[in-house]
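Visitor: Next up is a structure, given as C-alpha cells.
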Amino acid sequence: MNSKILGALAAVALLAACADPQLEDFRAAWERQGGFGVPTRVVTGQGLENPREIVTIGFSDLEVDEIEGFLARTAPEEARRRERIDAVIEPEMTRAFYVQVADDDLS
C-alpha cells in the first residue's frame, strides 16, 4: 500500500434529493459559475439502495495555511449555489471540510 500525506482540502456533502427531483436536477443546481482558481476535482455518488441519497466529495489542492483564505474567497458563489441546491434537496444536509492526510492506491 502506497500512502502519502497531502495538504488538500476535502469538502464532503451528504444530502437527500426531494421526492420529485432527479440527480440531473441536483447537478444543474450544484453547477458552479467558473472554477475555484486552484486545481479542484469533485466526485459525485448516488446511493445504491436509495437513489435520492447523493454524496459529493471535492478535493482542492491547497496548503493548510491557504484554506481559510480560499473558503473566504469562494464564500459568495458558494452561498448562491447553496440557495439553488436547497430548492432540490431535503432540509437536512451534512456538510464538512477535512484536510486530506492520505491517498492510498489499493489497486
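Following the order of the C-alpha cells, chains are lettered A, B, ..., residues in each are numbered from 1, and ligands are numbered from 1.
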How would you write, as a PyMOL selection string, the set of residues in chain A that DSSP gives as helix (DSSP H, G or I)?
Guide: chain A and resi 23-30+64-86
Visitor: What does the file look like for those residues with C-alpha atoms, as a CSV table (one decimal), in the first residue's frame?
Guide:
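Saved the output as again12.csv:
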chain,number,residue,atom,x,y,z
A,23,LEU,CA,-29.9,13.5,-10.0
A,24,GLU,CA,-29.9,15.8,-13.1
A,25,ASP,CA,-31.9,18.5,-11.1
A,26,PHE,CA,-29.3,18.4,-8.3
A,27,ARG,CA,-26.4,18.5,-10.8
A,28,ALA,CA,-28.0,21.6,-12.5
A,29,ALA,CA,-28.4,23.4,-9.2
A,30,TRP,CA,-25.0,22.3,-8.0
A,64,VAL,CA,-3.2,24.1,5.0
A,65,ASP,CA,-2.4,27.8,5.6
A,66,GLU,CA,-4.3,28.7,2.4
A,67,ILE,CA,-7.6,27.1,3.4
A,68,GLU,CA,-9.1,29.9,5.4
A,69,GLY,CA,-8.5,32.5,2.6
A,70,PHE,CA,-9.8,30.0,0.0
A,71,LEU,CA,-13.1,29.5,1.9
A,72,ALA,CA,-13.5,33.2,2.4
A,73,ARG,CA,-12.8,34.0,-1.3
A,74,THR,CA,-15.2,31.3,-2.5
A,75,ALA,CA,-18.0,32.0,0.0
A,76,PRO,CA,-20.2,34.4,-2.1
A,77,GLU,CA,-20.5,32.0,-5.0
A,78,GLU,CA,-20.9,29.0,-2.7
A,79,ALA,CA,-23.8,30.8,-0.9
A,80,ARG,CA,-25.6,31.3,-4.2
A,81,ARG,CA,-25.0,27.6,-5.1
A,82,ARG,CA,-26.4,26.5,-1.7
A,83,GLU,CA,-29.6,28.5,-2.4
A,84,ARG,CA,-30.1,26.7,-5.7
A,85,ILE,CA,-29.3,23.3,-4.1
A,86,ASP,CA,-31.7,24.0,-1.2
Visitor: Identify, with DSSP run on backbone atoms, the residues in chain A assigned to strand (DSSP E or B), and express the list as JSON, numbers by chain.
Guide: {"A": [2, 9, 10, 11, 12, 13, 14, 15, 16, 17, 40, 41, 42, 43, 44, 45, 46, 53, 54, 55, 56, 57, 58, 59, 60, 89, 90, 91, 92, 93, 94, 95, 96, 97, 98, 99, 105]}
Visitor: Produce a file of the selected residues containing C-alpha atoms, as a PDB file, in the first residue's frame.
Guide:
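selection01.pdb, freshly written:
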ATOM      1  CA  ASN A   2       1.419   3.361  -1.065  1.00  0.00           C
ATOM      2  CA  LEU A   9      -8.888  20.347   1.353  1.00  0.00           C
ATOM      3  CA  ALA A  10     -11.670  17.763   1.114  1.00  0.00           C
ATOM      4  CA  ALA A  11     -15.235  19.062   1.188  1.00  0.00           C
ATOM      5  CA  VAL A  12     -17.937  16.457   1.796  1.00  0.00           C
ATOM      6  CA  ALA A  13     -21.689  16.933   1.409  1.00  0.00           C
ATOM      7  CA  LEU A  14     -24.250  14.195   2.049  1.00  0.00           C
ATOM      8  CA  LEU A  15     -27.827  15.025   1.158  1.00  0.00           C
ATOM      9  CA  ALA A  16     -31.124  13.575   0.002  1.00  0.00           C
ATOM     10  CA  ALA A  17     -32.879  14.931  -3.057  1.00  0.00           C
ATOM     11  CA  THR A  40     -10.095  21.024  -7.811  1.00  0.00           C
ATOM     12  CA  ARG A  41     -11.942  17.829  -8.616  1.00  0.00           C
ATOM     13  CA  VAL A  42     -15.311  16.663  -7.311  1.00  0.00           C
ATOM     14  CA  VAL A  43     -16.684  13.135  -7.209  1.00  0.00           C
ATOM     15  CA  THR A  44     -20.472  12.693  -7.016  1.00  0.00           C
ATOM     16  CA  GLY A  45     -22.056   9.437  -5.891  1.00  0.00           C
ATOM     17  CA  GLN A  46     -25.647   8.228  -5.780  1.00  0.00           C
ATOM     18  CA  GLU A  53     -29.090   9.947  -1.472  1.00  0.00           C
ATOM     19  CA  ILE A  54     -26.303  11.916  -3.092  1.00  0.00           C
ATOM     20  CA  VAL A  55     -22.786  12.499  -1.825  1.00  0.00           C
ATOM     21  CA  THR A  56     -20.235  14.908  -3.257  1.00  0.00           C
ATOM     22  CA  ILE A  57     -16.580  14.867  -2.288  1.00  0.00           C
ATOM     23  CA  GLY A  58     -14.410  17.682  -3.554  1.00  0.00           C
ATOM     24  CA  PHE A  59     -10.629  17.874  -3.427  1.00  0.00           C
ATOM     25  CA  SER A  60      -8.865  21.247  -3.766  1.00  0.00           C
ATOM     26  CA  ILE A  89     -32.869  18.689  -1.538  1.00  0.00           C
ATOM     27  CA  GLU A  90     -34.361  17.734   1.806  1.00  0.00           C
ATOM     28  CA  PRO A  91     -33.724  20.300   4.595  1.00  0.00           C
ATOM     29  CA  GLU A  92     -31.134  18.133   6.363  1.00  0.00           C
ATOM     30  CA  MET A  93     -27.726  18.232   4.728  1.00  0.00           C
ATOM     31  CA  THR A  94     -24.426  17.189   6.195  1.00  0.00           C
ATOM     32  CA  ARG A  95     -21.520  19.369   5.092  1.00  0.00           C
ATOM     33  CA  ALA A  96     -17.989  19.183   6.442  1.00  0.00           C
ATOM     34  CA  PHE A  97     -14.434  20.111   5.495  1.00  0.00           C
ATOM     35  CA  TYR A  98     -11.379  17.928   6.051  1.00  0.00           C
ATOM     36  CA  VAL A  99      -7.650  18.138   5.424  1.00  0.00           C
ATOM     37  CA  ASP A 105      -3.582   3.161  -4.024  1.00  0.00           C
TER      38      ASP A 105
END
Visitor: Between A:Val88, A:Glu49, A:Gln100, A:Arg32, which residue has the minimum interatomic distance to Asp61 in chain A, considering only C-alpha atoms?
Guide: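 Looking only at the distances to Asp61 in chain A, the closest residue turns out to be A:Gln100.
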Visitor: Quick one: distance from CA of Asp103 in chain A to CA of Pro39 in chain A in Å, one decimal?
Guide: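 Atom-to-atom, CA of Asp103 in chain A and CA of Pro39 in chain A are spaced 16.3 Å apart.
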Visitor: So what do you get for CA of Gln33 in chain A versus CA of Arg52 in chain A, distance-wise?
Guide: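 Computed distance, CA of Gln33 in chain A to CA of Arg52 in chain A, equals 24.6 Å.
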